[in-house]
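my_file_19.cif follows; it contains mmCIF, C-alpha atoms.
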data_entry
loop_
_atom_site.label_atom_id
_atom_site.label_comp_id
_atom_site.auth_asym_id
_atom_site.auth_seq_id
_atom_site.Cartn_x
_atom_site.Cartn_y
_atom_site.Cartn_z
CA MET A 1 -34.99 15.71 -2.59
CA ASP A 2 -34.90 11.95 -2.74
CA TYR A 3 -34.36 11.89 -6.47
CA ILE A 4 -31.10 13.88 -6.06
CA THR A 5 -29.76 11.21 -3.73
CA THR A 6 -30.85 8.55 -6.22
CA VAL A 7 -28.95 10.28 -9.04
CA LEU A 8 -25.82 10.54 -6.88
CA ILE A 9 -25.98 6.86 -5.87
CA LYS A 10 -26.69 5.64 -9.40
CA ASN A 11 -23.67 7.54 -10.74
CA GLY A 12 -21.42 6.79 -7.77
CA LEU A 13 -18.11 6.48 -9.60
CA VAL A 14 -18.61 9.75 -11.47
CA VAL A 15 -19.54 11.51 -8.21
CA ALA A 16 -16.30 10.18 -6.72
CA PHE A 17 -14.33 11.60 -9.68
CA LEU A 18 -15.95 14.99 -9.12
CA VAL A 19 -15.43 15.09 -5.36
CA THR A 20 -11.82 13.87 -5.63
CA GLY A 21 -11.15 16.50 -8.30
CA ILE A 22 -12.49 19.25 -6.05
CA VAL A 23 -10.49 17.99 -3.05
CA MET A 24 -7.31 17.89 -5.14
CA TYR A 25 -7.91 21.36 -6.56
CA LEU A 26 -8.43 22.82 -3.08
CA SER A 27 -5.37 20.97 -1.72
CA GLU A 28 -3.21 22.26 -4.57
CA THR A 29 -4.45 25.82 -3.90
CA ILE A 30 -3.75 25.52 -0.17
CA SER A 31 -0.28 24.16 -0.92
CA ILE A 32 0.62 27.03 -3.28
CA LYS A 33 -1.14 29.98 -1.65
CA LEU A 34 -0.94 29.22 2.07
CA LEU A 35 2.01 26.90 2.54
CA ASN A 36 4.39 28.15 -0.12
CA LYS A 37 4.59 24.58 -1.53
CA LYS A 38 6.34 23.40 1.67
CA ILE A 39 3.87 20.51 1.83
CA PRO A 40 3.01 19.05 -1.61
CA GLY A 41 -0.61 19.36 -2.75
CA SER A 42 -0.92 15.59 -3.13
CA ALA A 43 0.12 15.09 0.51
CA ILE A 44 -2.55 17.54 1.63
CA ALA A 45 -5.10 15.79 -0.58
CA ILE A 46 -4.25 12.38 0.89
CA ILE A 47 -4.49 13.71 4.46
CA SER A 48 -7.83 15.35 3.53
CA GLY A 49 -8.94 11.92 2.27
CA LEU A 50 -8.08 10.36 5.63
CA ILE A 51 -9.96 13.10 7.48
CA MET A 52 -12.98 12.47 5.21
CA ALA A 53 -12.66 8.77 6.02
CA TYR A 54 -12.69 9.55 9.73
CA ILE A 55 -15.76 11.79 9.38
CA GLY A 56 -17.53 9.13 7.33
CA GLY A 57 -16.68 6.44 9.88
CA VAL A 58 -17.75 8.45 12.90
CA SER A 59 -20.98 9.73 11.38
CA THR A 60 -22.17 6.32 10.12
CA GLY A 61 -20.38 3.87 12.43
CA GLY A 62 -19.30 1.91 9.35
CA ASN A 63 -15.95 0.49 8.29
CA LYS A 64 -15.54 1.95 4.81
CA GLY A 65 -14.83 5.58 5.63
CA ILE A 66 -16.52 8.13 3.42
CA ALA A 67 -18.01 5.35 1.25
CA ASP A 68 -20.44 4.54 4.08
CA ILE A 69 -22.22 7.80 3.32
CA LYS A 70 -24.44 6.46 0.58
CA GLN A 71 -24.27 9.54 -1.67
CA LEU A 72 -20.50 9.02 -1.77
CA SER A 73 -20.53 5.22 -2.06
CA GLY A 74 -18.75 5.47 -5.44
CA PHE A 75 -15.50 6.05 -3.52
CA GLU A 76 -15.47 2.36 -2.76
CA LEU A 77 -14.98 1.57 -6.45
CA MET A 78 -12.63 4.46 -7.23
CA GLY A 79 -10.42 3.83 -4.20
CA GLY A 80 -10.82 0.06 -4.16
CA ALA A 81 -8.12 -2.53 -4.79
CA MET A 82 -8.93 -3.03 -8.50
CA LEU A 83 -8.42 0.53 -9.74
CA ARG A 84 -5.63 1.11 -7.23
CA ASP A 85 -3.57 -1.83 -8.48
CA PHE A 86 -4.43 -1.03 -12.11
CA ALA A 87 -3.08 2.50 -11.66
CA ILE A 88 0.00 1.31 -9.74
CA VAL A 89 0.88 -1.08 -12.58
CA SER A 90 0.52 1.75 -15.12
CA THR A 91 3.21 3.74 -13.29
CA ALA A 92 5.73 1.07 -14.32
CA MET A 93 5.63 2.52 -17.84
CA GLY A 94 9.06 3.98 -18.42
CA ALA A 95 10.55 2.49 -15.23
CA SER A 96 13.98 1.02 -15.72
CA PHE A 97 14.19 -2.75 -15.68
CA ALA A 98 17.98 -2.47 -15.32
CA ILE A 99 17.64 -0.65 -11.98
CA ILE A 100 15.09 -3.16 -10.72
CA LYS A 101 17.44 -6.03 -11.56
CA LYS A 102 20.40 -4.26 -10.02
CA THR A 103 18.59 -3.55 -6.75
CA GLY A 104 16.89 -6.94 -6.70
CA LEU A 105 19.05 -8.47 -3.96
CA ALA A 106 18.77 -5.48 -1.64
CA GLY A 107 15.02 -5.54 -2.29
CA VAL A 108 14.79 -9.18 -1.20
CA VAL A 109 16.90 -8.50 1.89
CA SER A 110 14.72 -5.51 2.81
CA LEU A 111 11.58 -7.68 2.44
CA PHE A 112 12.82 -10.28 4.90
CA VAL A 113 14.18 -7.68 7.32
CA GLY A 114 10.90 -5.74 7.05
CA VAL A 115 8.61 -8.71 7.75
CA ILE A 116 10.69 -10.32 10.50
CA LEU A 117 11.55 -7.10 12.31
CA SER A 118 7.96 -5.79 12.17
CA PHE A 119 6.69 -9.13 13.42
CA PHE A 120 8.99 -9.28 16.44
CA THR A 121 8.50 -5.62 17.34
CA GLY A 122 4.73 -6.10 17.22
CA ALA A 123 4.98 -9.36 19.15
CA ALA A 124 7.13 -7.69 21.83
CA ILE A 125 4.50 -4.95 22.21
CA ALA A 126 1.81 -7.63 22.61
CA VAL A 127 3.85 -9.31 25.33
CA GLY A 128 4.41 -5.91 26.98
CA PHE A 129 0.64 -5.44 27.14
CA GLY A 130 0.20 -8.73 28.95
CA TYR A 131 -0.61 -11.20 26.16
CA ARG A 132 0.84 -14.60 27.02
CA ASP A 133 -0.62 -17.04 24.47
CA ALA A 134 1.26 -17.78 21.25
CA ALA A 135 -1.76 -17.28 18.98
CA SER A 136 -2.49 -13.72 20.19
CA ILE A 137 1.17 -12.68 20.21
CA THR A 138 1.68 -14.06 16.70
CA THR A 139 -1.47 -12.40 15.35
CA ILE A 140 -0.61 -8.96 16.75
CA GLY A 141 2.95 -9.35 15.44
CA ALA A 142 1.50 -10.22 12.03
CA GLY A 143 -0.76 -7.17 12.21
CA ALA A 144 2.37 -5.06 12.58
CA CYS A 145 3.28 -6.28 9.05
CA THR A 146 0.10 -5.28 7.15
CA PHE A 147 -3.63 -5.32 7.74
CA VAL A 148 -3.92 -8.37 5.48
CA VAL A 149 -1.20 -10.45 7.16
CA GLY A 150 -2.84 -9.93 10.59
CA PRO A 151 -6.25 -11.50 9.90
CA VAL A 152 -4.82 -14.19 7.58
CA THR A 153 -2.43 -15.25 10.34
CA GLY A 154 -5.07 -14.90 13.06
CA THR A 155 -7.38 -17.26 11.17
CA ALA A 156 -4.57 -19.75 10.58
CA VAL A 157 -3.43 -19.93 14.21
CA GLY A 158 -6.92 -19.67 15.74
CA ALA A 159 -6.76 -16.28 17.45
CA THR A 160 -9.86 -14.72 19.02
CA SER A 161 -11.77 -12.10 17.03
CA ASP A 162 -10.86 -9.18 19.27
CA VAL A 163 -7.17 -9.94 18.75
CA VAL A 164 -7.77 -10.17 14.99
CA ALA A 165 -9.47 -6.76 15.18
CA ILE A 166 -6.43 -5.32 16.98
CA SER A 167 -4.13 -6.77 14.31
CA ILE A 168 -6.18 -5.17 11.53
CA ALA A 169 -6.16 -1.84 13.37
CA ALA A 170 -2.37 -2.03 13.84
CA GLY A 171 -1.95 -2.60 10.11
CA VAL A 172 -4.23 0.31 9.25
CA VAL A 173 -2.36 2.60 11.69
CA LYS A 174 0.87 1.57 9.97
CA SER A 175 -0.44 2.25 6.49
CA ILE A 176 -1.83 5.66 7.49
CA LEU A 177 1.40 6.68 9.19
CA VAL A 178 3.51 5.61 6.19
CA THR A 179 1.15 7.55 3.90
CA ILE A 180 1.43 10.75 5.91
CA GLY A 181 5.00 10.40 7.12
CA THR A 182 6.91 9.43 3.95
CA PRO A 183 7.21 12.92 2.40
CA PHE A 184 8.44 14.33 5.71
CA ILE A 185 11.12 11.74 6.48
CA ALA A 186 12.24 11.26 2.85
CA ARG A 187 15.01 13.84 3.20
CA PHE A 188 16.48 12.25 6.31
CA ILE A 189 16.68 8.69 5.00
CA GLY A 190 17.94 9.52 1.51
CA LEU A 191 14.69 8.53 -0.17
CA ASN A 192 15.35 10.27 -3.47
CA ASN A 193 16.38 7.56 -5.92
CA PRO A 194 14.88 4.34 -7.33
CA GLN A 195 17.20 2.07 -5.32
CA SER A 196 16.27 3.55 -1.95
CA ALA A 197 12.58 3.53 -2.96
CA MET A 198 12.80 -0.23 -3.59
CA ILE A 199 14.38 -0.78 -0.17
CA TYR A 200 11.81 1.48 1.45
CA GLY A 201 8.96 -0.49 -0.16
CA GLY A 202 10.43 -3.74 1.12
CA LEU A 203 10.87 -2.44 4.66
CA MET A 204 7.46 -0.78 4.99
CA GLY A 205 5.48 -3.35 3.04
CA THR A 206 2.10 -1.66 3.05
CA THR A 207 1.50 -1.29 -0.71
CA SER A 208 -1.14 1.39 -0.23
CA GLY A 209 0.89 3.34 2.34
CA THR A 210 4.17 3.10 0.45
CA ALA A 211 2.60 3.97 -2.89
CA ALA A 212 0.66 6.92 -1.48
CA GLY A 213 3.61 8.16 0.55
CA LEU A 214 5.97 7.97 -2.43
CA ALA A 215 3.39 9.66 -4.66
CA ALA A 216 3.43 12.63 -2.31
CA THR A 217 7.25 12.55 -2.15
CA ASP A 218 8.16 12.04 -5.82
CA PRO A 219 5.79 10.26 -8.23
CA LYS A 220 8.76 8.92 -10.20
CA LEU A 221 9.64 6.67 -7.25
CA VAL A 222 6.22 4.99 -7.02
CA PRO A 223 6.82 2.02 -9.35
CA TYR A 224 10.06 1.07 -7.58
CA GLY A 225 8.59 1.18 -4.08
CA ALA A 226 5.41 -0.61 -5.14
CA MET A 227 7.45 -3.29 -6.90
CA THR A 228 8.94 -4.64 -3.65
CA ALA A 229 6.02 -3.75 -1.38
CA THR A 230 3.72 -5.97 -3.43
CA PHE A 231 5.69 -9.06 -2.33
CA TYR A 232 5.58 -8.11 1.34
CA THR A 233 2.04 -9.21 2.20
CA GLY A 234 2.63 -12.56 0.49
CA LEU A 235 5.88 -13.10 2.36
CA GLY A 236 4.22 -12.08 5.63
CA CYS A 237 1.33 -14.51 5.09
CA LEU A 238 3.93 -17.18 4.39
CA LEU A 239 6.24 -16.60 7.37
CA CYS A 240 3.95 -15.44 10.20
CA PRO A 241 1.60 -18.42 10.64
CA SER A 242 4.44 -20.91 10.04
CA VAL A 243 8.08 -20.32 11.00
CA LEU A 244 7.45 -17.26 13.16
CA TYR A 245 4.46 -18.85 14.95
CA VAL A 246 6.55 -21.93 15.77
CA PHE A 247 9.29 -19.66 17.07
CA VAL A 248 6.87 -17.77 19.34
CA LYS A 249 5.49 -21.11 20.59
CA ILE A 250 8.92 -22.08 21.90
CA PHE A 251 8.64 -19.26 24.45
CA PHE A 252 4.86 -19.04 24.98
CA GLY A 253 3.68 -22.58 24.21
CA MET B 1 -5.48 3.65 -30.93
CA LEU B 2 -5.71 4.78 -27.35
CA VAL B 3 -7.59 1.69 -26.27
CA ARG B 4 -4.73 -0.54 -27.37
CA GLY B 5 -2.61 1.00 -24.65
CA VAL B 6 -5.37 0.46 -22.09
CA ALA B 7 -5.79 -3.12 -23.29
CA LEU B 8 -2.04 -3.75 -23.03
CA LEU B 9 -2.12 -2.49 -19.45
CA ALA B 10 -5.22 -4.58 -18.70
CA GLY B 11 -3.61 -7.70 -20.17
CA CYS B 12 -0.45 -7.28 -18.10
CA PHE B 13 -2.56 -6.59 -15.02
CA ILE B 14 -4.72 -9.72 -15.38
CA ILE B 15 -1.77 -12.00 -16.16
CA GLY B 16 0.12 -10.54 -13.18
CA GLN B 17 -2.87 -11.11 -10.88
CA LEU B 18 -3.21 -14.70 -12.09
CA ILE B 19 0.50 -15.37 -11.48
CA GLY B 20 0.20 -13.85 -7.99
CA GLU B 21 -2.89 -15.89 -7.12
CA THR B 22 -1.37 -19.10 -8.52
CA LEU B 23 1.79 -18.54 -6.51
CA GLY B 24 -0.36 -18.02 -3.41
CA LYS B 25 -2.20 -21.31 -4.08
CA TRP B 26 1.06 -23.21 -4.56
CA LEU B 27 2.42 -21.85 -1.30
CA HIS B 28 -0.89 -22.66 0.46
CA ILE B 29 -1.44 -19.10 1.61
CA ASP B 30 -4.57 -17.10 1.22
CA ALA B 31 -2.96 -14.09 -0.47
CA ASN B 32 -1.82 -12.73 -3.79
CA VAL B 33 1.96 -13.01 -3.92
CA GLY B 34 3.44 -10.16 -5.92
CA GLY B 35 0.65 -9.88 -8.49
CA VAL B 36 1.23 -6.16 -8.96
CA GLY B 37 4.98 -6.66 -9.22
CA PHE B 38 4.68 -9.32 -11.94
CA ALA B 39 2.24 -7.13 -13.86
CA MET B 40 4.69 -4.22 -13.71
CA ILE B 41 7.57 -6.33 -15.01
CA LEU B 42 5.33 -7.62 -17.82
CA LEU B 43 4.37 -4.07 -18.78
CA ILE B 44 8.00 -2.89 -18.86
CA LEU B 45 9.10 -5.91 -20.92
CA SER B 46 6.22 -5.76 -23.40
CA GLN B 47 6.73 -2.02 -23.85
CA ASN B 48 10.41 -2.61 -24.68
CA GLU B 49 9.51 -5.47 -27.05
CA LEU B 50 6.84 -3.43 -28.88
CA GLN B 51 9.17 -0.46 -29.18
CA LYS B 52 11.86 -2.65 -30.72
CA ARG B 53 9.41 -3.80 -33.37
CA GLY B 54 8.14 -0.27 -33.93
CA LEU B 55 4.62 -1.20 -32.82
CA PHE B 56 4.47 1.13 -29.85
CA SER B 57 2.72 4.35 -30.89
CA LYS B 58 2.45 7.61 -28.98
CA GLU B 59 -1.29 7.14 -28.71
CA MET B 60 -0.83 3.72 -27.18
CA GLU B 61 1.50 5.24 -24.60
CA ASP B 62 -1.15 7.87 -23.83
CA GLY B 63 -3.62 5.09 -22.99
CA VAL B 64 -1.29 3.85 -20.26
CA MET B 65 -0.19 7.33 -19.18
CA PHE B 66 -3.78 8.34 -18.51
CA TRP B 67 -4.00 5.75 -15.74
CA SER B 68 -0.56 6.64 -14.50
CA LYS B 69 -1.76 10.24 -14.07
CA MET B 70 -5.02 9.09 -12.43
CA TYR B 71 -2.90 7.33 -9.86
CA ILE B 72 -2.75 10.11 -7.26
CA PRO B 73 -6.52 10.88 -7.41
CA ILE B 74 -7.17 7.16 -6.95
CA ILE B 75 -4.85 7.12 -3.93
CA VAL B 76 -6.75 10.10 -2.50
CA ALA B 77 -10.01 8.17 -2.94
CA MET B 78 -8.37 5.13 -1.35
CA SER B 79 -7.40 7.21 1.70
CA ALA B 80 -11.01 8.32 1.98
CA ILE B 81 -12.28 4.73 2.41
CA GLN B 82 -9.80 3.60 5.09
CA ASN B 83 -11.15 2.56 8.45
CA VAL B 84 -9.60 5.53 10.23
CA ARG B 85 -12.26 5.50 12.97
CA VAL B 86 -11.32 2.00 14.13
CA ALA B 87 -7.60 2.69 13.77
CA LEU B 88 -7.86 5.67 16.09
CA SER B 89 -10.12 4.00 18.62
CA SER B 90 -8.54 0.55 18.99
CA GLY B 91 -6.39 1.42 21.94
CA MET B 92 -2.71 1.60 22.64
CA VAL B 93 -1.74 -1.94 21.55
CA ALA B 94 -2.91 -1.31 18.00
CA LEU B 95 -1.43 2.18 17.87
CA LEU B 96 1.97 1.10 19.17
CA ALA B 97 2.03 -2.11 17.08
CA GLY B 98 1.41 0.10 14.05
CA ILE B 99 3.90 2.85 14.85
CA VAL B 100 6.94 1.29 16.54
CA PRO B 101 7.77 -1.31 13.82
CA ILE B 102 7.99 1.49 11.25
CA ILE B 103 10.61 3.29 13.31
CA VAL B 104 12.57 0.07 13.96
CA CYS B 105 12.51 -0.85 10.25
CA LEU B 106 13.54 2.64 9.16
CA ALA B 107 16.57 2.39 11.42
CA THR B 108 17.87 -0.50 9.29
CA MET B 109 17.54 1.41 6.03
CA PRO B 110 21.08 2.90 6.02
CA PHE B 111 22.58 -0.59 6.47
CA ILE B 112 20.65 -2.12 3.58
CA SER B 113 21.48 0.91 1.41
CA LYS B 114 25.16 0.31 2.19
CA LEU B 115 24.73 -3.29 1.12
CA ILE B 116 23.86 -2.28 -2.45
CA LYS B 117 26.61 0.32 -2.61
CA HIS B 118 29.01 -2.39 -1.47
CA GLU B 119 27.74 -4.76 -4.17
CA GLN B 120 28.18 -2.38 -7.07
#

Starting from the coordinates I provided, produce the structure as structure tokens.
Amino acid sequence: MDYITTVLIKNGLVVAFLVTGIVMYLSETISIKLLNKKIPGSAIAIISGLIMAYIGGVSTGGNKGIADIKQLSGFELMGGAMLRDFAIVSTAMGASFAIIKKTGLAGVVSLFVGVILSFFTGAAIAVGFGYRDAASITTIGAGACTFVVGPVTGTAVGATSDVVAISIAAGVVKSILVTIGTPFIARFIGLNNPQSAMIYGGLMGTTSGTAAGLAATDPKLVPYGAMTATFYTGLGCLLCPSVLYVFVKIFFG
Amino acid sequence: MLVRGVALLAGCFIIGQLIGETLGKWLHIDANVGGVGFAMILLILSQNELQKRGLFSKEMEDGVMFWSKMYIPIIVAMSAIQNVRVALSSGMVALLAGIVPIIVCLATMPFISKLIKHEQ
């Protein structure tokens, strides 16, 4: 039996293509036959992916979801940042530059509102849970931005590793919730045109969450949401350990 | 040739990443600032430019479209490698710090949407 495992590991990426294809086929079938297309097949597939990640994490104790199961380690390449960003960029084909330019200002506003508001909400929650030192409060606030901003900020301001871990977890929770929630709230917030997708990307910030959530809502909106979301982590890494940290220090110095 | 489309996409991607990393270095932050965004703008502009000169063939478009269609499967694979276990077991601080900011930010969406309507 060992040689089967060896074949699967050696051809990891191809195995990931196969498994993802099967998951998507099943999700599409469930969507059409059982749910009357009320929930899009891609949304079911993404949620199935998260469930697989949970199973992988629990059964191996690792941090890479299903990729920790060595027969399925090819998922790390297929779902990793390189192919993800490559595919996101390709969705820009046919996107309208005119709309991007026209919504530019609102996009920038939404980025600043998104980062600053997320930071202070996260910081307030940290204070509510009894944190009283500026470094911890700032790091948890940064984690409420994205799971990259949290650890980058934590390292910069010298937070302890358990606080950094909380900030990463907060960012992951955010990205998962945006992934699952976007198709369901889209109707209520008018998320059905490129302009609102750009604002949504700026407010939410998690590139993976926004892009996955929009893909399940309406694939045509993906490039617009991803366009602003891609600046969010950079802006967060810029503001959190500097201006926002100094601001927190005034109250918890 | 199909591969010319893939190469165009790859070129835009790499240049975008380099711009994002350079911007990060200049700003002294350890992150890529808008690399994907710059790459997307490059792709849109170069597509327009090539079309104007009649150099953009259907096959070339197919090379880019393939990846565009692979996008959702890649996102499904990405979901499958998230650290869901830790996210669900990190306690209330992490859960609330992940959930509440989304709701607060969403509440501002109508106001920002009005801002663009006002502008136009």

Proximity to chain A - best of B:Ile103, B:Met78, B:Met60, B:Leu115, all atoms listed in the file: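 Nearest to chain A: B:Met78.
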
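Picture a line from atom CA of B:Val36 to atom CA of B:Leu9; it runs 11.6 Å.
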
Exactly which residues make up the result of the PyMOL selection byres ((chain A and resi 65) around 6) on this file, given as a ChimeraX atom specification? /A:53,56-57,63-64,66-68 /B:80-83

Can you pull out every residue within 10 Å of stretch 38-51 of chain B, counting all atoms listed in the file, but drop anything in the same chain fewer than 3 positions away, and send it as an mmCIF file with C-alpha atoms, in the frame of the given file?
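What ended up in out_10.cif:
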data_model
loop_
_atom_site.group_PDB
_atom_site.id
_atom_site.type_symbol
_atom_site.label_atom_id
_atom_site.label_comp_id
_atom_site.auth_asym_id
_atom_site.auth_seq_id
_atom_site.Cartn_x
_atom_site.Cartn_y
_atom_site.Cartn_z
ATOM 1 C CA ASP A 85 -3.570 -1.830 -8.480
ATOM 2 C CA PHE A 86 -4.430 -1.030 -12.110
ATOM 3 C CA ILE A 88 0.000 1.310 -9.740
ATOM 4 C CA VAL A 89 0.880 -1.080 -12.580
ATOM 5 C CA SER A 90 0.520 1.750 -15.120
ATOM 6 C CA THR A 91 3.210 3.740 -13.290
ATOM 7 C CA ALA A 92 5.730 1.070 -14.320
ATOM 8 C CA MET A 93 5.630 2.520 -17.840
ATOM 9 C CA GLY A 94 9.060 3.980 -18.420
ATOM 10 C CA ALA A 95 10.550 2.490 -15.230
ATOM 11 C CA SER A 96 13.980 1.020 -15.720
ATOM 12 C CA PHE A 97 14.190 -2.750 -15.680
ATOM 13 C CA ILE A 100 15.090 -3.160 -10.720
ATOM 14 C CA PRO A 223 6.820 2.020 -9.350
ATOM 15 C CA TYR A 224 10.060 1.070 -7.580
ATOM 16 C CA ALA A 226 5.410 -0.610 -5.140
ATOM 17 C CA MET A 227 7.450 -3.290 -6.900
ATOM 18 C CA THR A 230 3.720 -5.970 -3.430
ATOM 19 C CA PHE A 231 5.690 -9.060 -2.330
ATOM 20 C CA GLY B 5 -2.610 1.000 -24.650
ATOM 21 C CA LEU B 8 -2.040 -3.750 -23.030
ATOM 22 C CA LEU B 9 -2.120 -2.490 -19.450
ATOM 23 C CA ALA B 10 -5.220 -4.580 -18.700
ATOM 24 C CA GLY B 11 -3.610 -7.700 -20.170
ATOM 25 C CA CYS B 12 -0.450 -7.280 -18.100
ATOM 26 C CA PHE B 13 -2.560 -6.590 -15.020
ATOM 27 C CA ILE B 14 -4.720 -9.720 -15.380
ATOM 28 C CA ILE B 15 -1.770 -12.000 -16.160
ATOM 29 C CA GLY B 16 0.120 -10.540 -13.180
ATOM 30 C CA GLN B 17 -2.870 -11.110 -10.880
ATOM 31 C CA LEU B 18 -3.210 -14.700 -12.090
ATOM 32 C CA ILE B 19 0.500 -15.370 -11.480
ATOM 33 C CA GLY B 20 0.200 -13.850 -7.990
ATOM 34 C CA VAL B 33 1.960 -13.010 -3.920
ATOM 35 C CA GLY B 34 3.440 -10.160 -5.920
ATOM 36 C CA GLY B 35 0.650 -9.880 -8.490
ATOM 37 C CA GLY B 54 8.140 -0.270 -33.930
ATOM 38 C CA LEU B 55 4.620 -1.200 -32.820
ATOM 39 C CA PHE B 56 4.470 1.130 -29.850
ATOM 40 C CA SER B 57 2.720 4.350 -30.890
ATOM 41 C CA GLU B 61 1.500 5.240 -24.600
ATOM 42 C CA VAL B 64 -1.290 3.850 -20.260
#

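Residue selection for this entry, given the PyMOL selection byres ((chain B and resi 87) around 10), comprises A:Tyr54, A:Ala165, A:Ile166, A:Ile168, A:Ala169, A:Ala170, A:Gly171, A:Val172, A:Val173, A:Lys174, A:Ile176, B:Gln82, B:Asn83, B:Val84, B:Arg85, B:Val86, B:Leu88, B:Ser89, B:Ser90, B:Gly91, B:Ala94, B:Leu95, B:Gly98.
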
Name the residues that the PyMOL selection byres ((chain A and resi 106) around 9) pulls out of this structure, and write them as a PDB file with C-alpha atoms, keeping the file's coordinate frame.
ATOM      1  CA  LYS A 102      20.400  -4.260 -10.020  1.00  0.00           C
ATOM      2  CA  THR A 103      18.590  -3.550  -6.750  1.00  0.00           C
ATOM      3  CA  GLY A 104      16.890  -6.940  -6.700  1.00  0.00           C
ATOM      4  CA  LEU A 105      19.050  -8.470  -3.960  1.00  0.00           C
ATOM      5  CA  GLY A 107      15.020  -5.540  -2.290  1.00  0.00           C
ATOM      6  CA  VAL A 108      14.790  -9.180  -1.200  1.00  0.00           C
ATOM      7  CA  VAL A 109      16.900  -8.500   1.890  1.00  0.00           C
ATOM      8  CA  SER A 110      14.720  -5.510   2.810  1.00  0.00           C
ATOM      9  CA  LEU A 111      11.580  -7.680   2.440  1.00  0.00           C
ATOM     10  CA  GLN A 195      17.200   2.070  -5.320  1.00  0.00           C
ATOM     11  CA  MET A 198      12.800  -0.230  -3.590  1.00  0.00           C
ATOM     12  CA  ILE A 199      14.380  -0.780  -0.170  1.00  0.00           C
ATOM     13  CA  GLY A 202      10.430  -3.740   1.120  1.00  0.00           C
TER      14      GLY A 202
ATOM     15  CA  ILE B 112      20.650  -2.120   3.580  1.00  0.00           C
ATOM     16  CA  SER B 113      21.480   0.910   1.410  1.00  0.00           C
ATOM     17  CA  LEU B 115      24.730  -3.290   1.120  1.00  0.00           C
ATOM     18  CA  ILE B 116      23.860  -2.280  -2.450  1.00  0.00           C
TER      19      ILE B 116
END

Which protein, DNA or RNA residues have an atom at most 12 Å from (8.7, -15.4, 13.7), counting only C-alpha atoms? List them as a PyMOL selection string. chain A and resi 112-124+134-135+137-142+145+153+235-251

Tell me, as a list in words, which residues lie within 10 Å of A:Val15, counting all atoms listed in the file; anything in the same chain fewer than 2 positions away does not count.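 Once the nearby chain positions are removed, what remains is Val7, Leu8, Ile9, Lys10, Asn11, Gly12, Leu13, Phe17, Leu18, Val19, Thr20, Gly21, Gln71, Leu72, Ser73, Gly74, Phe75 and Met78 of chain A.
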
Selection near A:Asn192, 12 Å with only C-alpha atoms, sequence-local residues under 6 positions removed, as a PyMOL selection string: chain A and resi 182-183+185-186+198-200+214+217-222+224-225

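Closest approach to A:Ile44 among B:Ile72, B:Glu59, B:His28, B:Trp67: B:Ile72, based on only C-alpha atoms.
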
In terms of the shortest atom-to-atom distance over all atoms listed in the file, which of B:Ile99, B:Leu23, B:Leu2, B:Arg53 is closest to chain A? B:Ile99

Just the residues within 8 Å of B:Ile74, please, counting only C-alpha atoms, with nothing from its chain fewer than 6 positions along; format it as a list in words.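 Surrounding residues, per the criterion: Met78, Gly79, Leu83, Arg84 and Ala87 of chain A.
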
Pull C-alpha atoms from the residues just selected and write them as a tab-separated table (two decimals), in the coordinates of the input.
chain	number	residue	atom	x	y	z
A	78	MET	CA	-12.63	4.46	-7.23
A	79	GLY	CA	-10.42	3.83	-4.20
A	83	LEU	CA	-8.42	0.53	-9.74
A	84	ARG	CA	-5.63	1.11	-7.23
A	87	ALA	CA	-3.08	2.50	-11.66

Just give me the gap between atom CA of A:Tyr131 and atom CA of A:Gly234 in Å, one decimal is fine.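 A separation of 25.9 Å between them.
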
Pull out stretch 106-125 of chain A, keep C-alpha atoms, and write it as a compact mmCIF listing (two decimals), in the first residue's frame.
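Here's the written file selection08.txt:
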# COMPACT_ATOMS: atom_id res chain seq x y z
CA ALA A 106 -14.60 55.85 -2.78
CA GLY A 107 -12.23 52.86 -2.83
CA VAL A 108 -9.54 54.84 -1.01
CA VAL A 109 -12.06 56.13 1.53
CA SER A 110 -13.37 52.61 2.14
CA LEU A 111 -9.78 51.36 2.68
CA PHE A 112 -9.08 53.90 5.41
CA VAL A 113 -12.50 53.45 7.02
CA GLY A 114 -12.05 49.67 6.85
CA VAL A 115 -8.60 49.58 8.47
CA ILE A 116 -9.23 52.21 11.15
CA LEU A 117 -12.68 51.00 12.12
CA SER A 118 -11.61 47.33 12.25
CA PHE A 119 -8.59 48.28 14.33
CA PHE A 120 -10.55 50.23 16.94
CA THR A 121 -13.34 47.66 17.15
CA GLY A 122 -10.77 44.91 17.68
CA ALA A 123 -8.87 47.05 20.18
CA ALA A 124 -12.07 47.79 22.12
CA ILE A 125 -12.79 44.04 22.33
